[in-house]
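Below is run23.cif, holding mmCIF, N, CA and C atoms.
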data_input
#
loop_
_atom_site.group_PDB
_atom_site.id
_atom_site.type_symbol
_atom_site.label_atom_id
_atom_site.label_comp_id
_atom_site.auth_asym_id
_atom_site.auth_seq_id
_atom_site.Cartn_x
_atom_site.Cartn_y
_atom_site.Cartn_z
ATOM 1 N N MET O 25 -2.426 5.533 -31.057
ATOM 2 C CA MET O 25 -1.631 4.751 -31.974
ATOM 3 C C MET O 25 -1.158 3.504 -31.238
ATOM 4 N N THR O 26 -1.340 2.349 -31.841
ATOM 5 C CA THR O 26 -0.896 1.105 -31.229
ATOM 6 C C THR O 26 0.272 0.546 -32.021
ATOM 7 N N SER O 27 0.993 -0.340 -31.394
ATOM 8 C CA SER O 27 2.154 -0.944 -32.029
ATOM 9 C C SER O 27 2.056 -2.454 -31.905
ATOM 10 N N ASP O 28 2.521 -3.159 -32.896
ATOM 11 C CA ASP O 28 2.546 -4.618 -32.855
ATOM 12 C C ASP O 28 3.794 -5.141 -32.164
ATOM 13 N N LYS O 29 4.684 -4.240 -31.780
ATOM 14 C CA LYS O 29 5.918 -4.642 -31.120
ATOM 15 C C LYS O 29 5.612 -5.068 -29.684
ATOM 16 N N PRO O 30 6.288 -6.110 -29.191
ATOM 17 C CA PRO O 30 6.069 -6.532 -27.805
ATOM 18 C C PRO O 30 6.590 -5.483 -26.824
ATOM 19 N N ASN O 31 5.961 -5.427 -25.675
ATOM 20 C CA ASN O 31 6.385 -4.508 -24.626
ATOM 21 C C ASN O 31 7.717 -4.998 -24.071
ATOM 22 N N THR O 32 8.733 -4.161 -24.120
ATOM 23 C CA THR O 32 10.061 -4.551 -23.647
ATOM 24 C C THR O 32 10.402 -3.896 -22.312
ATOM 25 N N THR O 33 9.408 -3.332 -21.645
ATOM 26 C CA THR O 33 9.644 -2.692 -20.358
ATOM 27 C C THR O 33 10.045 -3.754 -19.342
ATOM 28 N N THR O 34 11.062 -3.465 -18.553
ATOM 29 C CA THR O 34 11.522 -4.414 -17.554
ATOM 30 C C THR O 34 11.137 -3.995 -16.141
ATOM 31 N N ASP O 35 10.331 -2.931 -16.014
ATOM 32 C CA ASP O 35 9.913 -2.497 -14.689
ATOM 33 C C ASP O 35 8.926 -3.515 -14.120
ATOM 34 N N GLU O 36 9.231 -4.041 -12.958
ATOM 35 C CA GLU O 36 8.344 -4.996 -12.316
ATOM 36 C C GLU O 36 8.628 -5.019 -10.822
ATOM 37 N N TYR O 37 7.621 -5.457 -10.072
ATOM 38 C CA TYR O 37 7.806 -5.608 -8.638
ATOM 39 C C TYR O 37 8.547 -6.905 -8.365
ATOM 40 N N LYS O 38 9.492 -6.840 -7.465
ATOM 41 C CA LYS O 38 10.182 -8.042 -7.041
ATOM 42 C C LYS O 38 9.275 -8.739 -6.026
ATOM 43 N N MET O 39 8.919 -9.975 -6.292
ATOM 44 C CA MET O 39 7.965 -10.686 -5.446
ATOM 45 C C MET O 39 8.565 -12.011 -4.978
ATOM 46 N N ASP O 40 9.735 -11.945 -4.341
ATOM 47 C CA ASP O 40 10.384 -13.183 -3.954
ATOM 48 C C ASP O 40 10.507 -13.372 -2.448
ATOM 49 N N SER O 41 9.885 -12.505 -1.668
ATOM 50 C CA SER O 41 9.935 -12.675 -0.213
ATOM 51 C C SER O 41 8.695 -13.424 0.254
ATOM 52 N N TYR O 42 8.767 -13.963 1.453
ATOM 53 C CA TYR O 42 7.594 -14.595 2.033
ATOM 54 C C TYR O 42 7.492 -14.165 3.486
ATOM 55 N N PRO O 43 6.377 -13.632 3.916
ATOM 56 C CA PRO O 43 5.216 -13.342 3.081
ATOM 57 C C PRO O 43 5.508 -12.221 2.105
ATOM 58 N N ARG O 44 4.730 -12.154 1.056
ATOM 59 C CA ARG O 44 4.944 -11.195 -0.032
ATOM 60 C C ARG O 44 4.638 -9.768 0.386
ATOM 61 N N GLY O 45 3.719 -9.612 1.287
ATOM 62 C CA GLY O 45 3.307 -8.282 1.719
ATOM 63 C C GLY O 45 2.040 -8.381 2.542
ATOM 64 N N LEU O 46 1.407 -7.264 2.724
ATOM 65 C CA LEU O 46 0.224 -7.168 3.564
ATOM 66 C C LEU O 46 -0.964 -6.784 2.696
ATOM 67 N N CYS O 47 -2.041 -7.542 2.782
ATOM 68 C CA CYS O 47 -3.271 -7.264 2.039
ATOM 69 C C CYS O 47 -4.369 -6.940 3.045
ATOM 70 N N VAL O 48 -4.950 -5.762 2.920
ATOM 71 C CA VAL O 48 -6.047 -5.350 3.792
ATOM 72 C C VAL O 48 -7.319 -5.326 2.957
ATOM 73 N N ILE O 49 -8.295 -6.116 3.368
ATOM 74 C CA ILE O 49 -9.580 -6.168 2.676
ATOM 75 C C ILE O 49 -10.594 -5.440 3.538
ATOM 76 N N ILE O 50 -11.243 -4.442 2.970
ATOM 77 C CA ILE O 50 -12.280 -3.697 3.687
ATOM 78 C C ILE O 50 -13.624 -4.119 3.116
ATOM 79 N N ASN O 51 -14.454 -4.717 3.959
ATOM 80 C CA ASN O 51 -15.769 -5.193 3.533
ATOM 81 C C ASN O 51 -16.847 -4.342 4.193
ATOM 82 N N ASN O 52 -17.344 -3.373 3.451
ATOM 83 C CA ASN O 52 -18.466 -2.578 3.952
ATOM 84 C C ASN O 52 -19.751 -3.251 3.499
ATOM 85 N N GLU O 53 -20.331 -4.014 4.413
ATOM 86 C CA GLU O 53 -21.537 -4.796 4.125
ATOM 87 C C GLU O 53 -22.785 -4.111 4.665
ATOM 88 N N ASN O 54 -22.689 -3.542 5.855
ATOM 89 C CA ASN O 54 -23.839 -2.936 6.530
ATOM 90 C C ASN O 54 -23.724 -1.412 6.513
ATOM 91 N N PHE O 55 -24.851 -0.772 6.260
ATOM 92 C CA PHE O 55 -24.895 0.685 6.196
ATOM 93 C C PHE O 55 -26.012 1.201 7.090
ATOM 94 N N LYS O 56 -26.044 2.509 7.307
ATOM 95 C CA LYS O 56 -27.082 3.106 8.154
ATOM 96 C C LYS O 56 -28.476 2.718 7.668
ATOM 97 N N ASP O 57 -28.671 2.764 6.367
ATOM 98 C CA ASP O 57 -29.948 2.363 5.781
ATOM 99 C C ASP O 57 -29.878 0.862 5.478
ATOM 100 N N PRO O 58 -30.644 0.037 6.193
ATOM 101 C CA PRO O 58 -30.583 -1.421 6.001
ATOM 102 C C PRO O 58 -30.887 -1.863 4.561
ATOM 103 N N LYS O 59 -31.552 -1.020 3.779
ATOM 104 C CA LYS O 59 -31.843 -1.372 2.385
ATOM 105 C C LYS O 59 -30.568 -1.469 1.553
ATOM 106 N N HIS O 60 -29.495 -0.873 2.020
ATOM 107 C CA HIS O 60 -28.237 -0.860 1.272
ATOM 108 C C HIS O 60 -27.282 -1.982 1.678
ATOM 109 N N LYS O 61 -27.748 -2.896 2.511
ATOM 110 C CA LYS O 61 -26.885 -4.002 2.939
ATOM 111 C C LYS O 61 -26.395 -4.779 1.712
ATOM 112 N N ARG O 62 -25.131 -5.106 1.711
ATOM 113 C CA ARG O 62 -24.507 -5.837 0.602
ATOM 114 C C ARG O 62 -24.471 -7.319 0.935
ATOM 115 N N ASN O 63 -25.610 -7.969 0.787
ATOM 116 C CA ASN O 63 -25.693 -9.404 1.051
ATOM 117 C C ASN O 63 -24.756 -10.165 0.129
ATOM 118 N N GLY O 64 -24.090 -11.131 0.676
ATOM 119 C CA GLY O 64 -23.175 -11.944 -0.120
ATOM 120 C C GLY O 64 -21.762 -11.418 -0.180
ATOM 121 N N SER O 65 -21.520 -10.235 0.361
ATOM 122 C CA SER O 65 -20.163 -9.680 0.266
ATOM 123 C C SER O 65 -19.156 -10.526 1.042
ATOM 124 N N GLN O 66 -19.621 -11.263 2.038
ATOM 125 C CA GLN O 66 -18.717 -12.102 2.819
ATOM 126 C C GLN O 66 -18.111 -13.205 1.952
ATOM 127 N N LYS O 67 -18.877 -13.680 0.975
ATOM 128 C CA LYS O 67 -18.331 -14.687 0.044
ATOM 129 C C LYS O 67 -17.190 -14.084 -0.775
ATOM 130 N N ASP O 68 -17.377 -12.844 -1.214
ATOM 131 C CA ASP O 68 -16.309 -12.156 -1.955
ATOM 132 C C ASP O 68 -15.063 -12.018 -1.087
ATOM 133 N N VAL O 69 -15.269 -11.653 0.173
ATOM 134 C CA VAL O 69 -14.153 -11.486 1.103
ATOM 135 C C VAL O 69 -13.404 -12.803 1.275
ATOM 136 N N GLU O 70 -14.131 -13.886 1.458
ATOM 137 C CA GLU O 70 -13.490 -15.193 1.640
ATOM 138 C C GLU O 70 -12.675 -15.580 0.405
ATOM 139 N N ARG O 71 -13.209 -15.319 -0.771
ATOM 140 C CA ARG O 71 -12.488 -15.660 -2.007
ATOM 141 C C ARG O 71 -11.240 -14.785 -2.179
ATOM 142 N N LEU O 72 -11.385 -13.492 -1.894
ATOM 143 C CA LEU O 72 -10.220 -12.615 -1.970
ATOM 144 C C LEU O 72 -9.164 -13.028 -0.949
ATOM 145 N N LYS O 73 -9.609 -13.339 0.264
ATOM 146 C CA LYS O 73 -8.674 -13.763 1.312
ATOM 147 C C LYS O 73 -7.930 -15.022 0.875
ATOM 148 N N ASP O 74 -8.648 -15.997 0.360
ATOM 149 C CA ASP O 74 -8.015 -17.241 -0.097
ATOM 150 C C ASP O 74 -7.017 -16.977 -1.215
ATOM 151 N N LEU O 75 -7.395 -16.106 -2.157
ATOM 152 C CA LEU O 75 -6.508 -15.786 -3.276
ATOM 153 C C LEU O 75 -5.214 -15.139 -2.790
ATOM 154 N N PHE O 76 -5.337 -14.110 -1.944
ATOM 155 C CA PHE O 76 -4.133 -13.407 -1.508
ATOM 156 C C PHE O 76 -3.280 -14.261 -0.570
ATOM 157 N N LYS O 77 -3.900 -15.124 0.215
ATOM 158 C CA LYS O 77 -3.098 -16.060 1.014
ATOM 159 C C LYS O 77 -2.351 -17.014 0.095
ATOM 160 N N TYR O 78 -3.028 -17.498 -0.937
ATOM 161 C CA TYR O 78 -2.397 -18.387 -1.908
ATOM 162 C C TYR O 78 -1.206 -17.701 -2.581
ATOM 163 N N LEU O 79 -1.345 -16.404 -2.848
ATOM 164 C CA LEU O 79 -0.259 -15.637 -3.470
ATOM 165 C C LEU O 79 0.846 -15.275 -2.480
ATOM 166 N N GLY O 80 0.657 -15.618 -1.204
ATOM 167 C CA GLY O 80 1.713 -15.418 -0.214
ATOM 168 C C GLY O 80 1.623 -14.151 0.601
ATOM 169 N N PHE O 81 0.469 -13.497 0.608
ATOM 170 C CA PHE O 81 0.297 -12.269 1.380
ATOM 171 C C PHE O 81 -0.261 -12.559 2.762
ATOM 172 N N LEU O 82 0.104 -11.724 3.725
ATOM 173 C CA LEU O 82 -0.597 -11.691 5.003
ATOM 174 C C LEU O 82 -1.920 -10.978 4.733
ATOM 175 N N VAL O 83 -3.023 -11.483 5.260
ATOM 176 C CA VAL O 83 -4.329 -10.899 4.972
ATOM 177 C C VAL O 83 -4.998 -10.462 6.260
ATOM 178 N N GLU O 84 -5.469 -9.234 6.266
ATOM 179 C CA GLU O 84 -6.261 -8.718 7.375
ATOM 180 C C GLU O 84 -7.571 -8.184 6.817
ATOM 181 N N ILE O 85 -8.650 -8.433 7.538
ATOM 182 C CA ILE O 85 -9.976 -8.031 7.084
ATOM 183 C C ILE O 85 -10.567 -7.038 8.072
ATOM 184 N N LYS O 86 -11.058 -5.950 7.530
ATOM 185 C CA LYS O 86 -11.743 -4.931 8.327
ATOM 186 C C LYS O 86 -13.173 -4.848 7.812
ATOM 187 N N LYS O 87 -14.118 -4.725 8.715
ATOM 188 C CA LYS O 87 -15.523 -4.752 8.332
ATOM 189 C C LYS O 87 -16.226 -3.460 8.723
ATOM 190 N N ASP O 88 -17.096 -2.993 7.830
ATOM 191 C CA ASP O 88 -17.985 -1.864 8.077
ATOM 192 C C ASP O 88 -17.243 -0.642 8.627
ATOM 193 N N GLN O 89 -16.365 -0.111 7.798
ATOM 194 C CA GLN O 89 -15.558 1.051 8.177
ATOM 195 C C GLN O 89 -16.180 2.332 7.628
ATOM 196 N N THR O 90 -16.160 3.378 8.426
ATOM 197 C CA THR O 90 -16.604 4.696 7.976
ATOM 198 C C THR O 90 -15.490 5.329 7.138
ATOM 199 N N THR O 91 -15.808 6.423 6.482
ATOM 200 C CA THR O 91 -14.791 7.147 5.708
ATOM 201 C C THR O 91 -13.612 7.508 6.604
ATOM 202 N N TYR O 92 -13.915 8.042 7.778
ATOM 203 C CA TYR O 92 -12.850 8.421 8.710
ATOM 204 C C TYR O 92 -12.011 7.195 9.095
ATOM 205 N N GLU O 93 -12.673 6.075 9.397
ATOM 206 C CA GLU O 93 -11.950 4.867 9.811
ATOM 207 C C GLU O 93 -11.068 4.333 8.681
ATOM 208 N N ILE O 94 -11.551 4.410 7.437
ATOM 209 C CA ILE O 94 -10.737 3.964 6.305
ATOM 210 C C ILE O 94 -9.509 4.851 6.153
ATOM 211 N N LYS O 95 -9.700 6.154 6.250
ATOM 212 C CA LYS O 95 -8.549 7.066 6.169
ATOM 213 C C LYS O 95 -7.554 6.777 7.285
ATOM 214 N N GLN O 96 -8.053 6.531 8.484
ATOM 215 C CA GLN O 96 -7.179 6.232 9.615
ATOM 216 C C GLN O 96 -6.446 4.902 9.406
ATOM 217 N N LEU O 97 -7.156 3.912 8.865
ATOM 218 C CA LEU O 97 -6.517 2.632 8.557
ATOM 219 C C LEU O 97 -5.350 2.827 7.592
ATOM 220 N N MET O 98 -5.572 3.635 6.552
ATOM 221 C CA MET O 98 -4.515 3.860 5.563
ATOM 222 C C MET O 98 -3.307 4.558 6.196
ATOM 223 N N ILE O 99 -3.569 5.489 7.080
ATOM 224 C CA ILE O 99 -2.473 6.148 7.799
ATOM 225 C C ILE O 99 -1.731 5.136 8.657
ATOM 226 N N ASP O 100 -2.492 4.344 9.408
ATOM 227 C CA ASP O 100 -1.882 3.341 10.290
ATOM 228 C C ASP O 100 -1.091 2.304 9.497
ATOM 229 N N TYR O 101 -1.684 1.796 8.415
ATOM 230 C CA TYR O 101 -0.987 0.789 7.628
ATOM 231 C C TYR O 101 0.217 1.359 6.900
ATOM 232 N N SER O 102 0.191 2.629 6.564
ATOM 233 C CA SER O 102 1.359 3.223 5.907
ATOM 234 C C SER O 102 2.555 3.276 6.845
ATOM 235 N N LYS O 103 2.304 3.204 8.144
ATOM 236 C CA LYS O 103 3.376 3.219 9.147
ATOM 237 C C LYS O 103 3.687 1.823 9.684
ATOM 238 N N ASP O 104 2.924 0.837 9.268
ATOM 239 C CA ASP O 104 3.068 -0.535 9.763
ATOM 240 C C ASP O 104 4.401 -1.112 9.297
ATOM 241 N N ARG O 105 5.220 -1.573 10.213
ATOM 242 C CA ARG O 105 6.555 -2.092 9.897
ATOM 243 C C ARG O 105 6.482 -3.296 8.956
ATOM 244 N N ARG O 106 5.421 -4.065 9.027
ATOM 245 C CA ARG O 106 5.293 -5.231 8.144
ATOM 246 C C ARG O 106 5.224 -4.800 6.681
ATOM 247 N N HIS O 107 4.705 -3.608 6.440
ATOM 248 C CA HIS O 107 4.600 -3.102 5.074
ATOM 249 C C HIS O 107 5.985 -2.801 4.494
ATOM 250 N N PHE O 108 6.878 -2.289 5.311
ATOM 251 C CA PHE O 108 8.206 -1.902 4.835
ATOM 252 C C PHE O 108 9.136 -3.091 4.687
ATOM 253 N N GLN O 109 8.806 -4.201 5.304
ATOM 254 C CA GLN O 109 9.674 -5.377 5.241
ATOM 255 C C GLN O 109 9.400 -6.220 4.004
ATOM 256 N N ARG O 110 8.375 -5.878 3.231
ATOM 257 C CA ARG O 110 7.975 -6.691 2.084
ATOM 258 C C ARG O 110 7.882 -5.833 0.827
ATOM 259 N N PRO O 111 8.286 -6.380 -0.305
ATOM 260 C CA PRO O 111 8.223 -5.600 -1.536
ATOM 261 C C PRO O 111 6.848 -5.572 -2.190
ATOM 262 N N GLY O 112 5.944 -6.499 -1.857
ATOM 263 C CA GLY O 112 4.647 -6.580 -2.526
ATOM 264 C C GLY O 112 3.715 -5.456 -2.123
ATOM 265 N N HIS O 113 3.020 -4.909 -3.097
ATOM 266 C CA HIS O 113 2.073 -3.826 -2.817
ATOM 267 C C HIS O 113 1.015 -3.861 -3.917
ATOM 268 N N LEU O 114 -0.205 -4.160 -3.534
ATOM 269 C CA LEU O 114 -1.317 -4.131 -4.481
ATOM 270 C C LEU O 114 -2.356 -3.186 -3.946
ATOM 271 N N GLU O 115 -2.987 -2.472 -4.834
ATOM 272 C CA GLU O 115 -3.950 -1.456 -4.401
ATOM 273 C C GLU O 115 -5.129 -1.457 -5.359
ATOM 274 N N TYR O 116 -6.340 -1.506 -4.818
ATOM 275 C CA TYR O 116 -7.523 -1.424 -5.662
ATOM 276 C C TYR O 116 -8.519 -0.510 -5.008
ATOM 277 N N PRO O 117 -9.110 0.442 -5.713
ATOM 278 C CA PRO O 117 -8.785 0.747 -7.105
ATOM 279 C C PRO O 117 -7.420 1.406 -7.195
ATOM 280 N N PRO O 118 -6.769 1.290 -8.372
ATOM 281 C CA PRO O 118 -5.410 1.846 -8.530
ATOM 282 C C PRO O 118 -5.379 3.344 -8.452
#
Would it be possible to restate this file's structure as structure tokens?
Amino acid sequence: MTSDKPNTTTDEYKMDSYPRGLCVIINNENFKDPKHKRNGSQKDVERLKDLFKYLGFLVEIKKDQTTYEIKQLMIDYSKDRRHFQRPGHLEYPP
């Protein structure tokens, strides 16, 4: 069921600090099987980096991470003091 009434929810992230937060971009371009190489992914990384810098985030890029390394990164970043000093938090996929 949909409603024509406007959304009156006031829940929102406060985004008034600078830098806004920490953005970690993981670019898995190269794989064990060279046929699976993601050519052009570096262009995507550059555009994402530019966008998040423009939005006021600190940006760090990690390349070709294994499942274990990604899990470890998330553990490490969850303890990173820079993360707690900023209200901004974006996550993809959600």
**Prompt:** atom CA of Glu93 of chain O and atom CA of Pro58 of chain O are how many Å apart?
**Reply:**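 Interatomic distance, atom CA of Glu93 of chain O to atom CA of Pro58 of chain O: 20.0 Å.
The residue that comes closest to Arg106 of chain O, out of O:Phe55, O:Leu82, O:Leu75, O:Leu46 and on the basis of all atoms listed in the file, is O:Leu46.
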**Message:** Using the chain letters and numbers from this file, what does the PyMOL selection byres ((chain O and resi 88) around 7) select? Give the answer as number ranges by chain.
**Reply:** O: 50-54, 86-87, 89-90
**All alpha helix (DSSP H) residues (DSSP, backbone) inside segment 39-102 of chain O, as a PyMOL selection string** = chain O and resi 65-78+91-102
Write the residues of the preceding selection, restricted to N, CA and C atoms, as a JSON list (two decimals), in the frame of the given file.
[["chain", "number", "residue", "atom", "x", "y", "z"],
["O", 65, "SER", "N", -21.52, -10.24, 0.36],
["O", 65, "SER", "CA", -20.16, -9.68, 0.27],
["O", 65, "SER", "C", -19.16, -10.53, 1.04],
["O", 66, "GLN", "N", -19.62, -11.26, 2.04],
["O", 66, "GLN", "CA", -18.72, -12.10, 2.82],
["O", 66, "GLN", "C", -18.11, -13.20, 1.95],
["O", 67, "LYS", "N", -18.88, -13.68, 0.98],
["O", 67, "LYS", "CA", -18.33, -14.69, 0.04],
["O", 67, "LYS", "C", -17.19, -14.08, -0.78],
["O", 68, "ASP", "N", -17.38, -12.84, -1.21],
["O", 68, "ASP", "CA", -16.31, -12.16, -1.96],
["O", 68, "ASP", "C", -15.06, -12.02, -1.09],
["O", 69, "VAL", "N", -15.27, -11.65, 0.17],
["O", 69, "VAL", "CA", -14.15, -11.49, 1.10],
["O", 69, "VAL", "C", -13.40, -12.80, 1.27],
["O", 70, "GLU", "N", -14.13, -13.89, 1.46],
["O", 70, "GLU", "CA", -13.49, -15.19, 1.64],
["O", 70, "GLU", "C", -12.68, -15.58, 0.40],
["O", 71, "ARG", "N", -13.21, -15.32, -0.77],
["O", 71, "ARG", "CA", -12.49, -15.66, -2.01],
["O", 71, "ARG", "C", -11.24, -14.78, -2.18],
["O", 72, "LEU", "N", -11.38, -13.49, -1.89],
["O", 72, "LEU", "CA", -10.22, -12.62, -1.97],
["O", 72, "LEU", "C", -9.16, -13.03, -0.95],
["O", 73, "LYS", "N", -9.61, -13.34, 0.26],
["O", 73, "LYS", "CA", -8.67, -13.76, 1.31],
["O", 73, "LYS", "C", -7.93, -15.02, 0.88],
["O", 74, "ASP", "N", -8.65, -16.00, 0.36],
["O", 74, "ASP", "CA", -8.02, -17.24, -0.10],
["O", 74, "ASP", "C", -7.02, -16.98, -1.22],
["O", 75, "LEU", "N", -7.40, -16.11, -2.16],
["O", 75, "LEU", "CA", -6.51, -15.79, -3.28],
["O", 75, "LEU", "C", -5.21, -15.14, -2.79],
["O", 76, "PHE", "N", -5.34, -14.11, -1.94],
["O", 76, "PHE", "CA", -4.13, -13.41, -1.51],
["O", 76, "PHE", "C", -3.28, -14.26, -0.57],
["O", 77, "LYS", "N", -3.90, -15.12, 0.22],
["O", 77, "LYS", "CA", -3.10, -16.06, 1.01],
["O", 77, "LYS", "C", -2.35, -17.01, 0.10],
["O", 78, "TYR", "N", -3.03, -17.50, -0.94],
["O", 78, "TYR", "CA", -2.40, -18.39, -1.91],
["O", 78, "TYR", "C", -1.21, -17.70, -2.58],
["O", 91, "THR", "N", -15.81, 6.42, 6.48],
["O", 91, "THR", "CA", -14.79, 7.15, 5.71],
["O", 91, "THR", "C", -13.61, 7.51, 6.60],
["O", 92, "TYR", "N", -13.92, 8.04, 7.78],
["O", 92, "TYR", "CA", -12.85, 8.42, 8.71],
["O", 92, "TYR", "C", -12.01, 7.20, 9.10],
["O", 93, "GLU", "N", -12.67, 6.08, 9.40],
["O", 93, "GLU", "CA", -11.95, 4.87, 9.81],
["O", 93, "GLU", "C", -11.07, 4.33, 8.68],
["O", 94, "ILE", "N", -11.55, 4.41, 7.44],
["O", 94, "ILE", "CA", -10.74, 3.96, 6.30],
["O", 94, "ILE", "C", -9.51, 4.85, 6.15],
["O", 95, "LYS", "N", -9.70, 6.15, 6.25],
["O", 95, "LYS", "CA", -8.55, 7.07, 6.17],
["O", 95, "LYS", "C", -7.55, 6.78, 7.28],
["O", 96, "GLN", "N", -8.05, 6.53, 8.48],
["O", 96, "GLN", "CA", -7.18, 6.23, 9.62],
["O", 96, "GLN", "C", -6.45, 4.90, 9.41],
["O", 97, "LEU", "N", -7.16, 3.91, 8.86],
["O", 97, "LEU", "CA", -6.52, 2.63, 8.56],
["O", 97, "LEU", "C", -5.35, 2.83, 7.59],
["O", 98, "MET", "N", -5.57, 3.64, 6.55],
["O", 98, "MET", "CA", -4.51, 3.86, 5.56],
["O", 98, "MET", "C", -3.31, 4.56, 6.20],
["O", 99, "ILE", "N", -3.57, 5.49, 7.08],
["O", 99, "ILE", "CA", -2.47, 6.15, 7.80],
["O", 99, "ILE", "C", -1.73, 5.14, 8.66],
["O", 100, "ASP", "N", -2.49, 4.34, 9.41],
["O", 100, "ASP", "CA", -1.88, 3.34, 10.29],
["O", 100, "ASP", "C", -1.09, 2.30, 9.50],
["O", 101, "TYR", "N", -1.68, 1.80, 8.41],
["O", 101, "TYR", "CA", -0.99, 0.79, 7.63],
["O", 101, "TYR", "C", 0.22, 1.36, 6.90],
["O", 102, "SER", "N", 0.19, 2.63, 6.56],
["O", 102, "SER", "CA", 1.36, 3.22, 5.91],
["O", 102, "SER", "C", 2.56, 3.28, 6.84]]
**Prompt:** So what do you get for atom CA of Gly45 of chain O versus atom CA of Phe81 of chain O, distance-wise?
**Reply:**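 Atom CA of Gly45 of chain O sits 5.0 Å away from atom CA of Phe81 of chain O.
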**Prompt:** Any idea what the distance is between atom C of Phe76 of chain O and atom CA of Ile94 of chain O?
**Reply:**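 One can read the atom C of Phe76 of chain O to atom CA of Ile94 of chain O distance as 20.9 Å.
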Where in segment 33-101 of chain O does DSSP assign strand (DSSP E), given as a PDB file with N, CA and C atoms, keeping the file's coordinate frame?
ATOM      1  N   GLY O  45       3.719  -9.612   1.287  1.00  0.00           N
ATOM      2  CA  GLY O  45       3.307  -8.282   1.719  1.00  0.00           C
ATOM      3  C   GLY O  45       2.040  -8.381   2.542  1.00  0.00           C
ATOM      4  N   LEU O  46       1.407  -7.264   2.724  1.00  0.00           N
ATOM      5  CA  LEU O  46       0.224  -7.168   3.564  1.00  0.00           C
ATOM      6  C   LEU O  46      -0.964  -6.784   2.696  1.00  0.00           C
ATOM      7  N   CYS O  47      -2.041  -7.542   2.782  1.00  0.00           N
ATOM      8  CA  CYS O  47      -3.271  -7.264   2.039  1.00  0.00           C
ATOM      9  C   CYS O  47      -4.369  -6.940   3.045  1.00  0.00           C
ATOM     10  N   VAL O  48      -4.950  -5.762   2.920  1.00  0.00           N
ATOM     11  CA  VAL O  48      -6.047  -5.350   3.792  1.00  0.00           C
ATOM     12  C   VAL O  48      -7.319  -5.326   2.957  1.00  0.00           C
ATOM     13  N   ILE O  49      -8.295  -6.116   3.368  1.00  0.00           N
ATOM     14  CA  ILE O  49      -9.580  -6.168   2.676  1.00  0.00           C
ATOM     15  C   ILE O  49     -10.594  -5.440   3.538  1.00  0.00           C
ATOM     16  N   ILE O  50     -11.243  -4.442   2.970  1.00  0.00           N
ATOM     17  CA  ILE O  50     -12.280  -3.697   3.687  1.00  0.00           C
ATOM     18  C   ILE O  50     -13.624  -4.119   3.116  1.00  0.00           C
ATOM     19  N   ASN O  51     -14.454  -4.717   3.959  1.00  0.00           N
ATOM     20  CA  ASN O  51     -15.769  -5.193   3.533  1.00  0.00           C
ATOM     21  C   ASN O  51     -16.847  -4.342   4.193  1.00  0.00           C
ATOM     22  N   PHE O  81       0.469 -13.497   0.608  1.00  0.00           N
ATOM     23  CA  PHE O  81       0.297 -12.269   1.380  1.00  0.00           C
ATOM     24  C   PHE O  81      -0.261 -12.559   2.762  1.00  0.00           C
ATOM     25  N   LEU O  82       0.104 -11.724   3.725  1.00  0.00           N
ATOM     26  CA  LEU O  82      -0.597 -11.691   5.003  1.00  0.00           C
ATOM     27  C   LEU O  82      -1.920 -10.978   4.733  1.00  0.00           C
ATOM     28  N   VAL O  83      -3.023 -11.483   5.260  1.00  0.00           N
ATOM     29  CA  VAL O  83      -4.329 -10.899   4.972  1.00  0.00           C
ATOM     30  C   VAL O  83      -4.998 -10.462   6.260  1.00  0.00           C
ATOM     31  N   GLU O  84      -5.469  -9.234   6.266  1.00  0.00           N
ATOM     32  CA  GLU O  84      -6.261  -8.718   7.375  1.00  0.00           C
ATOM     33  C   GLU O  84      -7.571  -8.184   6.817  1.00  0.00           C
ATOM     34  N   ILE O  85      -8.650  -8.433   7.538  1.00  0.00           N
ATOM     35  CA  ILE O  85      -9.976  -8.031   7.084  1.00  0.00           C
ATOM     36  C   ILE O  85     -10.567  -7.038   8.072  1.00  0.00           C
ATOM     37  N   LYS O  86     -11.058  -5.950   7.530  1.00  0.00           N
ATOM     38  CA  LYS O  86     -11.743  -4.931   8.327  1.00  0.00           C
ATOM     39  C   LYS O  86     -13.173  -4.848   7.812  1.00  0.00           C
ATOM     40  N   LYS O  87     -14.118  -4.725   8.715  1.00  0.00           N
ATOM     41  CA  LYS O  87     -15.523  -4.752   8.332  1.00  0.00           C
ATOM     42  C   LYS O  87     -16.226  -3.460   8.723  1.00  0.00           C
TER      43      LYS O  87
END
**Message:** Can you tell me which residues surround Val83 of chain O at a distance of at most 6.5 Å, considering all atoms listed in the file, apart from same-chain residues fewer than 3 positions away, and format the answer as a PyMOL selection string?
**Reply:** chain O and resi 46-49+73+76-77
